[in-house]
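Novice: Okay, so here is query_21.txt, and as you'll see once you scroll down, it has compact mmCIF, N, CA and C atoms.
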# COMPACT_ATOMS: atom_id res chain seq x y z
N MET A 238 0.83 -1.19 0.00
CA MET A 238 0.00 0.00 0.00
C MET A 238 0.87 1.25 0.00
N ALA A 239 1.75 1.33 1.00
CA ALA A 239 2.59 2.52 1.14
C ALA A 239 3.69 2.22 2.14
N CYS A 240 4.72 3.02 2.08
CA CYS A 240 5.76 2.93 3.10
C CYS A 240 6.35 4.32 3.28
N GLY A 241 6.96 4.51 4.40
CA GLY A 241 7.58 5.80 4.68
C GLY A 241 8.17 5.79 6.08
N VAL A 242 8.59 6.94 6.51
CA VAL A 242 9.17 7.09 7.84
C VAL A 242 8.58 8.32 8.50
N ILE A 243 8.60 8.31 9.80
CA ILE A 243 8.19 9.49 10.57
C ILE A 243 9.48 10.15 11.02
N LYS A 244 9.75 11.31 10.49
CA LYS A 244 10.99 12.01 10.82
C LYS A 244 10.73 13.01 11.94
N THR A 245 11.63 13.03 12.88
CA THR A 245 11.56 14.02 13.95
C THR A 245 12.84 14.85 13.90
N SER A 246 12.79 15.99 14.54
CA SER A 246 13.94 16.89 14.53
C SER A 246 14.69 16.84 15.85
N VAL A 247 16.00 16.67 15.78
CA VAL A 247 16.82 16.64 17.00
C VAL A 247 16.85 18.01 17.69
N ARG A 248 16.33 19.02 17.02
CA ARG A 248 16.28 20.36 17.64
C ARG A 248 15.26 20.41 18.78
N PHE A 249 14.33 19.45 18.79
CA PHE A 249 13.30 19.45 19.82
C PHE A 249 13.65 18.45 20.91
N PRO A 250 13.13 18.67 22.12
CA PRO A 250 13.38 17.71 23.22
C PRO A 250 12.81 16.33 22.88
N LEU A 251 13.38 15.32 23.51
CA LEU A 251 12.96 13.94 23.27
C LEU A 251 11.46 13.75 23.46
N ALA A 252 10.89 14.35 24.48
CA ALA A 252 9.45 14.19 24.75
C ALA A 252 8.63 14.65 23.54
N ASN A 253 9.01 15.75 22.93
CA ASN A 253 8.30 16.25 21.75
C ASN A 253 8.43 15.27 20.58
N ARG A 254 9.63 14.71 20.41
CA ARG A 254 9.86 13.78 19.31
C ARG A 254 9.07 12.49 19.52
N LEU A 255 8.98 12.02 20.76
CA LEU A 255 8.18 10.83 21.05
C LEU A 255 6.71 11.09 20.75
N ASN A 256 6.25 12.29 21.05
CA ASN A 256 4.87 12.66 20.75
C ASN A 256 4.65 12.73 19.24
N GLU A 257 5.63 13.22 18.49
CA GLU A 257 5.53 13.25 17.02
C GLU A 257 5.39 11.83 16.47
N ILE A 258 6.14 10.91 17.02
CA ILE A 258 6.05 9.51 16.59
C ILE A 258 4.66 8.96 16.90
N PHE A 259 4.18 9.20 18.10
CA PHE A 259 2.85 8.74 18.51
C PHE A 259 1.78 9.30 17.56
N GLU A 260 1.83 10.60 17.31
CA GLU A 260 0.84 11.23 16.43
C GLU A 260 0.98 10.73 14.99
N GLY A 261 2.21 10.54 14.53
CA GLY A 261 2.43 10.05 13.18
C GLY A 261 1.87 8.65 12.98
N ILE A 262 2.09 7.78 13.97
CA ILE A 262 1.56 6.41 13.89
C ILE A 262 0.03 6.46 13.91
N ASN A 263 -0.53 7.33 14.74
CA ASN A 263 -1.99 7.48 14.75
C ASN A 263 -2.51 7.87 13.37
N GLU A 264 -1.86 8.80 12.71
CA GLU A 264 -2.27 9.23 11.37
C GLU A 264 -2.22 8.08 10.38
N VAL A 265 -1.14 7.32 10.42
CA VAL A 265 -0.99 6.18 9.51
C VAL A 265 -2.10 5.17 9.76
N ILE A 266 -2.40 4.90 11.00
CA ILE A 266 -3.45 3.94 11.34
C ILE A 266 -4.81 4.44 10.84
N GLN A 267 -5.08 5.71 11.04
CA GLN A 267 -6.36 6.27 10.57
C GLN A 267 -6.46 6.22 9.05
N LEU A 268 -5.35 6.46 8.37
CA LEU A 268 -5.34 6.49 6.91
C LEU A 268 -5.48 5.10 6.30
N HIS A 269 -4.79 4.10 6.85
CA HIS A 269 -4.74 2.78 6.22
C HIS A 269 -5.58 1.71 6.92
N ASP A 270 -6.05 1.97 8.13
CA ASP A 270 -6.92 1.05 8.87
C ASP A 270 -6.37 -0.38 8.91
N PRO A 271 -5.15 -0.56 9.44
CA PRO A 271 -4.59 -1.91 9.51
C PRO A 271 -5.32 -2.76 10.56
N GLU A 272 -5.13 -4.06 10.45
CA GLU A 272 -5.73 -4.99 11.41
C GLU A 272 -4.81 -5.24 12.61
N VAL A 273 -3.50 -5.21 12.38
CA VAL A 273 -2.51 -5.48 13.42
C VAL A 273 -1.29 -4.59 13.19
N ALA A 274 -0.41 -4.60 14.17
CA ALA A 274 0.88 -3.92 14.05
C ALA A 274 1.97 -4.92 14.39
N ALA A 275 3.09 -4.79 13.71
CA ALA A 275 4.24 -5.64 13.99
C ALA A 275 5.44 -4.72 14.20
N VAL A 276 6.23 -5.02 15.21
CA VAL A 276 7.39 -4.20 15.53
C VAL A 276 8.61 -5.08 15.77
N GLU A 277 9.76 -4.48 15.58
CA GLU A 277 11.01 -5.19 15.83
C GLU A 277 11.40 -4.97 17.28
N ASP A 278 11.86 -6.04 17.93
CA ASP A 278 12.36 -5.92 19.30
C ASP A 278 13.54 -4.96 19.32
N VAL A 279 13.71 -4.28 20.43
CA VAL A 279 14.86 -3.41 20.60
C VAL A 279 16.07 -4.28 20.86
N PHE A 280 17.17 -3.98 20.19
CA PHE A 280 18.40 -4.73 20.41
C PHE A 280 19.35 -3.86 21.20
N MET A 281 20.23 -4.48 21.93
CA MET A 281 21.22 -3.73 22.71
C MET A 281 22.45 -3.50 21.84
N SER A 282 22.82 -2.26 21.73
CA SER A 282 24.01 -1.91 20.97
C SER A 282 25.09 -1.47 21.95
N ASN A 283 26.20 -1.04 21.40
CA ASN A 283 27.29 -0.54 22.25
C ASN A 283 26.94 0.78 22.90
N ASN A 284 25.98 1.50 22.33
CA ASN A 284 25.59 2.80 22.84
C ASN A 284 24.28 2.67 23.60
N ALA A 285 24.37 2.62 24.91
CA ALA A 285 23.18 2.42 25.75
C ALA A 285 22.19 3.57 25.61
N SER A 286 22.68 4.79 25.44
CA SER A 286 21.80 5.95 25.30
C SER A 286 20.96 5.83 24.03
N SER A 287 21.58 5.41 22.93
CA SER A 287 20.83 5.23 21.67
C SER A 287 19.81 4.12 21.80
N ALA A 288 20.19 3.03 22.44
CA ALA A 288 19.27 1.91 22.63
C ALA A 288 18.08 2.33 23.48
N LEU A 289 18.32 3.13 24.50
CA LEU A 289 17.24 3.61 25.35
C LEU A 289 16.28 4.50 24.57
N LYS A 290 16.82 5.41 23.77
CA LYS A 290 15.97 6.29 22.96
C LYS A 290 15.17 5.50 21.94
N LEU A 291 15.80 4.51 21.32
CA LEU A 291 15.11 3.65 20.37
C LEU A 291 13.96 2.91 21.06
N GLY A 292 14.21 2.44 22.26
CA GLY A 292 13.16 1.76 23.02
C GLY A 292 11.99 2.69 23.34
N GLN A 293 12.30 3.94 23.64
CA GLN A 293 11.23 4.90 23.91
C GLN A 293 10.42 5.20 22.65
N ALA A 294 11.11 5.31 21.51
CA ALA A 294 10.43 5.55 20.24
C ALA A 294 9.52 4.37 19.90
N ARG A 295 10.05 3.17 20.10
CA ARG A 295 9.27 1.95 19.86
C ARG A 295 8.04 1.94 20.77
N GLY A 296 8.24 2.34 22.01
CA GLY A 296 7.12 2.40 22.96
C GLY A 296 6.03 3.36 22.50
N SER A 297 6.42 4.50 21.94
CA SER A 297 5.43 5.45 21.42
C SER A 297 4.60 4.81 20.31
N ALA A 298 5.28 4.07 19.43
CA ALA A 298 4.58 3.41 18.33
C ALA A 298 3.66 2.32 18.85
N VAL A 299 4.13 1.53 19.82
CA VAL A 299 3.31 0.45 20.37
C VAL A 299 2.08 1.01 21.08
N VAL A 300 2.25 2.07 21.86
CA VAL A 300 1.10 2.67 22.55
C VAL A 300 0.09 3.22 21.54
N ALA A 301 0.57 3.84 20.47
CA ALA A 301 -0.34 4.35 19.44
C ALA A 301 -1.14 3.19 18.84
N ALA A 302 -0.47 2.09 18.54
CA ALA A 302 -1.17 0.93 17.99
C ALA A 302 -2.20 0.39 18.98
N MET A 303 -1.80 0.24 20.22
CA MET A 303 -2.71 -0.29 21.24
C MET A 303 -3.90 0.64 21.47
N GLN A 304 -3.66 1.94 21.49
CA GLN A 304 -4.73 2.91 21.68
C GLN A 304 -5.75 2.86 20.54
N ASN A 305 -5.32 2.38 19.39
CA ASN A 305 -6.21 2.24 18.24
C ASN A 305 -6.78 0.83 18.11
N GLY A 306 -6.59 0.02 19.15
CA GLY A 306 -7.20 -1.30 19.18
C GLY A 306 -6.49 -2.37 18.37
N LEU A 307 -5.24 -2.13 18.00
CA LEU A 307 -4.50 -3.11 17.21
C LEU A 307 -3.76 -4.08 18.12
N GLY A 308 -3.70 -5.33 17.70
CA GLY A 308 -2.81 -6.28 18.35
C GLY A 308 -1.40 -5.95 17.89
N VAL A 309 -0.42 -6.13 18.76
CA VAL A 309 0.97 -5.82 18.43
C VAL A 309 1.79 -7.09 18.53
N TYR A 310 2.54 -7.39 17.48
CA TYR A 310 3.39 -8.57 17.42
C TYR A 310 4.85 -8.13 17.37
N ASP A 311 5.69 -8.80 18.16
CA ASP A 311 7.11 -8.47 18.26
C ASP A 311 7.95 -9.53 17.56
N TYR A 312 8.98 -9.08 16.84
CA TYR A 312 9.90 -9.98 16.16
C TYR A 312 11.33 -9.51 16.38
N SER A 313 12.21 -10.45 16.60
CA SER A 313 13.62 -10.10 16.77
C SER A 313 14.19 -9.69 15.42
N ALA A 314 15.24 -8.89 15.45
CA ALA A 314 15.90 -8.45 14.21
C ALA A 314 16.38 -9.65 13.41
N LYS A 315 16.92 -10.66 14.10
CA LYS A 315 17.39 -11.87 13.40
C LYS A 315 16.25 -12.59 12.69
N LYS A 316 15.11 -12.69 13.35
CA LYS A 316 13.97 -13.37 12.75
C LYS A 316 13.48 -12.60 11.52
N VAL A 317 13.46 -11.27 11.61
CA VAL A 317 13.03 -10.43 10.49
C VAL A 317 13.98 -10.62 9.30
N LYS A 318 15.28 -10.53 9.56
CA LYS A 318 16.26 -10.68 8.47
C LYS A 318 16.20 -12.08 7.87
N ARG A 319 16.01 -13.08 8.71
CA ARG A 319 15.92 -14.45 8.22
C ARG A 319 14.68 -14.62 7.33
N ALA A 320 13.58 -13.99 7.71
CA ALA A 320 12.33 -14.10 6.95
C ALA A 320 12.43 -13.44 5.59
N VAL A 321 13.23 -12.39 5.49
CA VAL A 321 13.30 -11.63 4.25
C VAL A 321 14.51 -12.01 3.40
N VAL A 322 15.68 -12.07 4.02
CA VAL A 322 16.92 -12.32 3.29
C VAL A 322 17.32 -13.79 3.35
N GLY A 323 16.88 -14.48 4.41
CA GLY A 323 17.27 -15.88 4.58
C GLY A 323 18.48 -16.04 5.47
N TYR A 324 18.96 -14.93 6.01
CA TYR A 324 20.16 -14.94 6.84
C TYR A 324 19.97 -13.91 7.95
N GLY A 325 20.04 -14.34 9.21
CA GLY A 325 19.78 -13.49 10.35
C GLY A 325 20.81 -12.40 10.61
N GLN A 326 21.97 -12.48 9.96
CA GLN A 326 23.02 -11.47 10.15
C GLN A 326 23.13 -10.54 8.94
N ALA A 327 22.11 -10.50 8.09
CA ALA A 327 22.15 -9.70 6.87
C ALA A 327 22.41 -8.23 7.18
N GLU A 328 23.10 -7.58 6.27
CA GLU A 328 23.38 -6.14 6.38
C GLU A 328 22.15 -5.35 5.93
N LYS A 329 22.08 -4.08 6.38
CA LYS A 329 20.94 -3.23 6.02
C LYS A 329 20.77 -3.12 4.50
N GLY A 330 21.88 -2.97 3.79
CA GLY A 330 21.81 -2.85 2.34
C GLY A 330 21.21 -4.08 1.69
N GLN A 331 21.51 -5.25 2.24
CA GLN A 331 20.93 -6.49 1.71
C GLN A 331 19.42 -6.50 1.92
N VAL A 332 18.99 -6.07 3.09
CA VAL A 332 17.56 -6.01 3.39
C VAL A 332 16.88 -5.05 2.41
N GLN A 333 17.48 -3.90 2.19
CA GLN A 333 16.90 -2.92 1.28
C GLN A 333 16.74 -3.49 -0.13
N GLN A 334 17.76 -4.16 -0.62
CA GLN A 334 17.71 -4.70 -1.98
C GLN A 334 16.67 -5.81 -2.11
N VAL A 335 16.60 -6.68 -1.12
CA VAL A 335 15.63 -7.78 -1.18
C VAL A 335 14.21 -7.22 -1.10
N ILE A 336 14.00 -6.24 -0.24
CA ILE A 336 12.68 -5.60 -0.14
C ILE A 336 12.30 -4.99 -1.48
N ARG A 337 13.25 -4.30 -2.10
CA ARG A 337 12.97 -3.69 -3.41
C ARG A 337 12.55 -4.76 -4.42
N MET A 338 13.26 -5.88 -4.44
CA MET A 338 12.94 -6.95 -5.39
C MET A 338 11.61 -7.63 -5.05
N LEU A 339 11.41 -7.97 -3.77
CA LEU A 339 10.19 -8.67 -3.37
C LEU A 339 8.93 -7.86 -3.67
N LEU A 340 9.01 -6.56 -3.44
CA LEU A 340 7.84 -5.70 -3.60
C LEU A 340 7.82 -4.99 -4.95
N ASN A 341 8.80 -5.30 -5.79
CA ASN A 341 8.88 -4.70 -7.13
C ASN A 341 8.80 -3.17 -7.08
N LEU A 342 9.61 -2.60 -6.18
CA LEU A 342 9.63 -1.15 -6.02
C LEU A 342 10.49 -0.51 -7.10
N SER A 343 10.13 0.68 -7.51
CA SER A 343 10.89 1.38 -8.56
C SER A 343 12.19 1.95 -8.03
N ALA A 344 12.28 2.14 -6.72
CA ALA A 344 13.50 2.68 -6.11
C ALA A 344 13.76 1.93 -4.80
N THR A 345 14.99 2.00 -4.35
CA THR A 345 15.36 1.37 -3.09
C THR A 345 14.83 2.21 -1.94
N PRO A 346 14.07 1.61 -1.03
CA PRO A 346 13.56 2.37 0.11
C PRO A 346 14.69 2.73 1.07
N SER A 347 14.46 3.75 1.88
CA SER A 347 15.44 4.09 2.92
C SER A 347 15.61 2.89 3.83
N SER A 348 16.70 2.86 4.57
CA SER A 348 16.94 1.71 5.45
C SER A 348 15.83 1.57 6.49
N ASP A 349 15.33 2.68 7.01
CA ASP A 349 14.26 2.61 8.01
C ASP A 349 12.96 2.09 7.39
N ALA A 350 12.62 2.57 6.20
CA ALA A 350 11.41 2.09 5.52
C ALA A 350 11.56 0.62 5.17
N ALA A 351 12.74 0.22 4.70
CA ALA A 351 12.98 -1.19 4.37
C ALA A 351 12.86 -2.07 5.61
N ASP A 352 13.37 -1.59 6.73
CA ASP A 352 13.25 -2.35 7.98
C ASP A 352 11.78 -2.54 8.35
N ALA A 353 10.98 -1.50 8.23
CA ALA A 353 9.55 -1.59 8.56
C ALA A 353 8.85 -2.56 7.62
N LEU A 354 9.15 -2.47 6.33
CA LEU A 354 8.56 -3.40 5.37
C LEU A 354 8.99 -4.83 5.66
N ALA A 355 10.23 -5.01 6.05
CA ALA A 355 10.73 -6.35 6.39
C ALA A 355 9.98 -6.92 7.59
N VAL A 356 9.69 -6.10 8.58
CA VAL A 356 8.93 -6.56 9.74
C VAL A 356 7.52 -6.97 9.30
N ALA A 357 6.92 -6.19 8.40
CA ALA A 357 5.58 -6.52 7.91
C ALA A 357 5.60 -7.86 7.15
N ILE A 358 6.61 -8.05 6.32
CA ILE A 358 6.73 -9.31 5.58
C ILE A 358 6.97 -10.47 6.53
N CYS A 359 7.81 -10.27 7.53
CA CYS A 359 8.06 -11.31 8.53
C CYS A 359 6.76 -11.70 9.22
N HIS A 360 5.97 -10.70 9.61
CA HIS A 360 4.70 -10.99 10.27
C HIS A 360 3.76 -11.76 9.35
N ALA A 361 3.67 -11.33 8.10
CA ALA A 361 2.80 -12.01 7.15
C ALA A 361 3.23 -13.47 6.97
N ASN A 362 4.53 -13.69 6.84
CA ASN A 362 5.06 -15.05 6.71
C ASN A 362 4.74 -15.87 7.95
N HIS A 363 4.91 -15.26 9.11
CA HIS A 363 4.66 -15.96 10.37
C HIS A 363 3.18 -16.33 10.48
N GLN A 364 2.30 -15.44 10.10
CA GLN A 364 0.87 -15.71 10.18
C GLN A 364 0.48 -16.83 9.23
N ILE A 365 1.06 -16.84 8.03
CA ILE A 365 0.75 -17.90 7.07
C ILE A 365 1.23 -19.25 7.58
N SER A 366 2.43 -19.26 8.18
CA SER A 366 2.95 -20.54 8.68
C SER A 366 2.17 -21.04 9.89
N GLN A 367 1.61 -20.12 10.67
CA GLN A 367 0.82 -20.50 11.84
C GLN A 367 -0.61 -20.87 11.46
N ASN A 368 -1.12 -20.22 10.41
CA ASN A 368 -2.51 -20.43 9.97
C ASN A 368 -2.51 -20.68 8.47
N PRO A 369 -2.04 -21.85 8.04
CA PRO A 369 -1.96 -22.11 6.60
C PRO A 369 -3.33 -22.06 5.94
N ILE A 370 -3.33 -21.70 4.67
CA ILE A 370 -4.56 -21.66 3.90
C ILE A 370 -5.02 -23.10 3.72
N PRO A 371 -6.28 -23.40 4.09
CA PRO A 371 -6.74 -24.80 3.98
C PRO A 371 -6.84 -25.23 2.52
N LYS A 372 -6.52 -26.49 2.28
CA LYS A 372 -6.62 -27.06 0.94
C LYS A 372 -8.09 -27.30 0.63
N THR A 373 -8.45 -27.03 -0.62
CA THR A 373 -9.85 -27.25 -1.02
C THR A 373 -9.99 -28.45 -1.91
Rewrite the structure from the file as structure tokens, please.

Specialist:
Amino acid sequence: MACGVIKTSVRFPLANRLNEIFEGINEVIQLHDPEVAAVEDVFMSNNASSALKLGQARGSAVVAAMQNGLGVYDYSAKKVKRAVVGYGQAEKGQVQQVIRMLLNLSATPSSDAADALAVAICHANHQISQNPIPKT
């Protein structure tokens, strides 16, 4: 249907940026009326401050989804990469290229948009494997 990113400005305090994410997710939900939301688990990096901020941003998105009545599904980064690229240690560029090919996109999506699309594909694959289409 669509893909994109919610950009915030580092000129504003973190609380304002978290609110921008919350409001942006609300807008996307109102526009596209999804049935569920899927998010990537927060991973621990060498920079604890960045990981903490990422976790807060993820929390804003999860709360927006929950406030709109969506079920939220969590997937590890390795599971997402394995579902899309076939290898849990894939590089961001590999994910972007595979997403472009799988979805027949005219241009390579940004790494953030590709990551979001990869999570969506992972969730769709997981749902199909858990609830296969019955044979007729």

Novice: Point out the residue among A:His360, A:Ile266, A:Ala344, A:Ser313 with the least atom-to-atom distance to Phe280 of chain A, counting all atoms listed in the file.

Specialist: A:Ser313

Novice: When DSSP works through the backbone of this structure, what residues of segment 248-367 of chain A end up as alpha helix (DSSP H), shown as a ChimeraX atom specification?

Specialist: /A:251-269,285-304,314-321,329-339,348-367

Novice: Counting only N, CA and C atoms, which of A:Glu272, A:Glu264, A:Glu257, A:Glu277 gets nearest to Val317 of chain A?

Specialist: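 Using only N, CA and C atoms, Val317 of chain A sits closest to A:Glu277.
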
Novice: Write out as a list in words the residues lying within 6 Å of Ala274 of chain A, counting all atoms listed in the file and excluding same-chain residues fewer than 3 positions away.

Specialist: Leu307, Gly308, Val309 and Tyr310 of chain A

Novice: Looking at all atoms listed in the file, which of A:Ile262, A:Val247, A:Leu354, A:Leu340 is the one that sits closest to Ala301 of chain A?

Specialist: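 Nearest to Ala301 of chain A: A:Ile262.
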
Novice: Name the residues in contact with Glu328 of chain A at a cut-off of 10 Å, using only C-alpha atoms, excluding same-chain residues fewer than 5 positions from it; report them as JSON, numbers by chain.

Specialist: {"A": [318, 322, 333]}

Novice: Would you please give, as a PyMOL selection string, all residues of chain A that DSSP assigns to strand (DSSP E or B) based on the backbone?

Specialist: chain A and resi 273-277+308-312

Novice: Generate the output file for the selected residues, N, CA and C atoms, as a PDB file, in the frame of the given file.

Specialist:
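Okay, part28.pdb is ready:
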ATOM      1  N   VAL A 273      -3.500  -5.210  12.380  1.00  0.00           N
ATOM      2  CA  VAL A 273      -2.510  -5.480  13.420  1.00  0.00           C
ATOM      3  C   VAL A 273      -1.290  -4.590  13.190  1.00  0.00           C
ATOM      4  N   ALA A 274      -0.410  -4.600  14.170  1.00  0.00           N
ATOM      5  CA  ALA A 274       0.880  -3.920  14.050  1.00  0.00           C
ATOM      6  C   ALA A 274       1.970  -4.920  14.390  1.00  0.00           C
ATOM      7  N   ALA A 275       3.090  -4.790  13.710  1.00  0.00           N
ATOM      8  CA  ALA A 275       4.240  -5.640  13.990  1.00  0.00           C
ATOM      9  C   ALA A 275       5.440  -4.720  14.200  1.00  0.00           C
ATOM     10  N   VAL A 276       6.230  -5.020  15.210  1.00  0.00           N
ATOM     11  CA  VAL A 276       7.390  -4.200  15.530  1.00  0.00           C
ATOM     12  C   VAL A 276       8.610  -5.080  15.770  1.00  0.00           C
ATOM     13  N   GLU A 277       9.760  -4.480  15.580  1.00  0.00           N
ATOM     14  CA  GLU A 277      11.010  -5.190  15.830  1.00  0.00           C
ATOM     15  C   GLU A 277      11.400  -4.970  17.280  1.00  0.00           C
ATOM     16  N   GLY A 308      -3.700  -5.330  17.700  1.00  0.00           N
ATOM     17  CA  GLY A 308      -2.810  -6.280  18.350  1.00  0.00           C
ATOM     18  C   GLY A 308      -1.400  -5.950  17.890  1.00  0.00           C
ATOM     19  N   VAL A 309      -0.420  -6.130  18.760  1.00  0.00           N
ATOM     20  CA  VAL A 309       0.970  -5.820  18.430  1.00  0.00           C
ATOM     21  C   VAL A 309       1.790  -7.090  18.530  1.00  0.00           C
ATOM     22  N   TYR A 310       2.540  -7.390  17.480  1.00  0.00           N
ATOM     23  CA  TYR A 310       3.390  -8.570  17.420  1.00  0.00           C
ATOM     24  C   TYR A 310       4.850  -8.130  17.370  1.00  0.00           C
ATOM     25  N   ASP A 311       5.690  -8.800  18.160  1.00  0.00           N
ATOM     26  CA  ASP A 311       7.110  -8.470  18.260  1.00  0.00           C
ATOM     27  C   ASP A 311       7.950  -9.530  17.560  1.00  0.00           C
ATOM     28  N   TYR A 312       8.980  -9.080  16.840  1.00  0.00           N
ATOM     29  CA  TYR A 312       9.900  -9.980  16.160  1.00  0.00           C
ATOM     30  C   TYR A 312      11.330  -9.510  16.380  1.00  0.00           C
TER      31      TYR A 312
END

Novice: For Val300 of chain A, which residue out of A:Gln267, A:Gln334, A:Ser343, A:Asn256 is the nearest one, using only C-alpha atoms?

Specialist: A:Asn256

Novice: Residues near Val242 of chain A, anyone? I mean within 6 Å using only N, CA and C atoms, not counting same-chain ones fewer than 2 positions away, as a ChimeraX atom specification.

Specialist: /A:240,244,350

Novice: Restricting it to N, CA and C atoms, dump the selection as a CSV table (one decimal), in the coordinates of the input.

Specialist:
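This is the output file selection21.csv:
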chain,number,residue,atom,x,y,z
A,240,CYS,N,4.7,3.0,2.1
A,240,CYS,CA,5.8,2.9,3.1
A,240,CYS,C,6.4,4.3,3.3
A,244,LYS,N,9.8,11.3,10.5
A,244,LYS,CA,11.0,12.0,10.8
A,244,LYS,C,10.7,13.0,11.9
A,350,ALA,N,12.6,2.6,6.2
A,350,ALA,CA,11.4,2.1,5.5
A,350,ALA,C,11.6,0.6,5.2

Novice: Between A:Leu289, A:Leu342, A:Ala353, A:Ala294, which one has atoms that come closest to Val276 of chain A, using only C-alpha atoms?

Specialist: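 Of the candidates, the smallest distance to Val276 of chain A is held by A:Ala353.
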
Novice: Find the residues around Ala357 of chain A up to 7 Å (all atoms listed in the file counted), leave out those fewer than 5 positions away in its own chain, and share them as a PDB file with N, CA and C atoms, in the frame of the given file.

Specialist:
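Wrote out24.pdb, looks like this:
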ATOM      1  N   ALA A 275       3.090  -4.790  13.710  1.00  0.00           N
ATOM      2  CA  ALA A 275       4.240  -5.640  13.990  1.00  0.00           C
ATOM      3  C   ALA A 275       5.440  -4.720  14.200  1.00  0.00           C
ATOM      4  N   VAL A 276       6.230  -5.020  15.210  1.00  0.00           N
ATOM      5  CA  VAL A 276       7.390  -4.200  15.530  1.00  0.00           C
ATOM      6  C   VAL A 276       8.610  -5.080  15.770  1.00  0.00           C
ATOM      7  N   ASP A 352      13.370  -1.590   6.730  1.00  0.00           N
ATOM      8  CA  ASP A 352      13.250  -2.350   7.980  1.00  0.00           C
ATOM      9  C   ASP A 352      11.780  -2.540   8.350  1.00  0.00           C
ATOM     10  N   ASN A 362       4.530 -13.690   6.840  1.00  0.00           N
ATOM     11  CA  ASN A 362       5.060 -15.050   6.710  1.00  0.00           C
ATOM     12  C   ASN A 362       4.740 -15.870   7.950  1.00  0.00           C
TER      13      ASN A 362
END

Novice: For segment 299-316 of chain A, what centre and edge lengths in Å (one decimal) does the axis-aligned box get once 6 Å is added on each side of all its listed atoms, as JSON?

Specialist:
{"center_x": 5.1, "center_y": -4.5, "center_z": 17.0, "size_x": 36.6, "size_y": 29.7, "size_z": 23.0}

Novice: Between A:Leu255, A:Ala314, A:Ile358, A:Met338, single out the one closest to Arg295 of chain A, counting all atoms listed in the file.

Specialist: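 Closest to Arg295 of chain A, using all atoms listed in the file: A:Leu255.
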
Novice: Distance atom N of Cys359 of chain A-atom C of Val321 of chain A, one decimal place?

Specialist: 8.1 Å

Novice: Got a minute to add N, CA, C and O atoms to segment 248-259 of chain A and dump it as a PDB file, in the coordinates of the input?

Specialist:
ATOM      1  N   ARG A 248      16.330  19.020  17.020  1.00  0.00           N
ATOM      2  CA  ARG A 248      16.280  20.360  17.640  1.00  0.00           C
ATOM      3  C   ARG A 248      15.260  20.410  18.780  1.00  0.00           C
ATOM      4  O   ARG A 248      15.321  21.299  19.611  1.00  0.00           O
ATOM      5  N   PHE A 249      14.330  19.450  18.790  1.00  0.00           N
ATOM      6  CA  PHE A 249      13.300  19.450  19.820  1.00  0.00           C
ATOM      7  C   PHE A 249      13.650  18.450  20.910  1.00  0.00           C
ATOM      8  O   PHE A 249      14.344  17.467  20.676  1.00  0.00           O
ATOM      9  N   PRO A 250      13.130  18.670  22.120  1.00  0.00           N
ATOM     10  CA  PRO A 250      13.380  17.710  23.220  1.00  0.00           C
ATOM     11  C   PRO A 250      12.810  16.330  22.880  1.00  0.00           C
ATOM     12  O   PRO A 250      11.884  16.193  22.086  1.00  0.00           O
ATOM     13  N   LEU A 251      13.380  15.320  23.510  1.00  0.00           N
ATOM     14  CA  LEU A 251      12.960  13.940  23.270  1.00  0.00           C
ATOM     15  C   LEU A 251      11.460  13.750  23.460  1.00  0.00           C
ATOM     16  O   LEU A 251      10.808  13.072  22.667  1.00  0.00           O
ATOM     17  N   ALA A 252      10.890  14.350  24.480  1.00  0.00           N
ATOM     18  CA  ALA A 252       9.450  14.190  24.750  1.00  0.00           C
ATOM     19  C   ALA A 252       8.630  14.650  23.540  1.00  0.00           C
ATOM     20  O   ALA A 252       7.644  14.003  23.166  1.00  0.00           O
ATOM     21  N   ASN A 253       9.010  15.750  22.930  1.00  0.00           N
ATOM     22  CA  ASN A 253       8.300  16.250  21.750  1.00  0.00           C
ATOM     23  C   ASN A 253       8.430  15.270  20.580  1.00  0.00           C
ATOM     24  O   ASN A 253       7.471  15.031  19.846  1.00  0.00           O
ATOM     25  N   ARG A 254       9.630  14.710  20.410  1.00  0.00           N
ATOM     26  CA  ARG A 254       9.860  13.780  19.310  1.00  0.00           C
ATOM     27  C   ARG A 254       9.070  12.490  19.520  1.00  0.00           C
ATOM     28  O   ARG A 254       8.526  11.921  18.561  1.00  0.00           O
ATOM     29  N   LEU A 255       8.980  12.020  20.760  1.00  0.00           N
ATOM     30  CA  LEU A 255       8.180  10.830  21.050  1.00  0.00           C
ATOM     31  C   LEU A 255       6.710  11.090  20.750  1.00  0.00           C
ATOM     32  O   LEU A 255       6.009  10.225  20.212  1.00  0.00           O
ATOM     33  N   ASN A 256       6.250  12.290  21.050  1.00  0.00           N
ATOM     34  CA  ASN A 256       4.870  12.660  20.750  1.00  0.00           C
ATOM     35  C   ASN A 256       4.650  12.730  19.240  1.00  0.00           C
ATOM     36  O   ASN A 256       3.595  12.309  18.745  1.00  0.00           O
ATOM     37  N   GLU A 257       5.630  13.220  18.490  1.00  0.00           N
ATOM     38  CA  GLU A 257       5.530  13.250  17.020  1.00  0.00           C
ATOM     39  C   GLU A 257       5.390  11.830  16.470  1.00  0.00           C
ATOM     40  O   GLU A 257       4.609  11.608  15.540  1.00  0.00           O
ATOM     41  N   ILE A 258       6.140  10.910  17.020  1.00  0.00           N
ATOM     42  CA  ILE A 258       6.050   9.510  16.590  1.00  0.00           C
ATOM     43  C   ILE A 258       4.660   8.960  16.900  1.00  0.00           C
ATOM     44  O   ILE A 258       4.012   8.347  16.041  1.00  0.00           O
ATOM     45  N   PHE A 259       4.180   9.200  18.100  1.00  0.00           N
ATOM     46  CA  PHE A 259       2.850   8.740  18.510  1.00  0.00           C
ATOM     47  C   PHE A 259       1.780   9.300  17.560  1.00  0.00           C
ATOM     48  O   PHE A 259       0.942   8.559  17.046  1.00  0.00           O
TER      49      PHE A 259
END
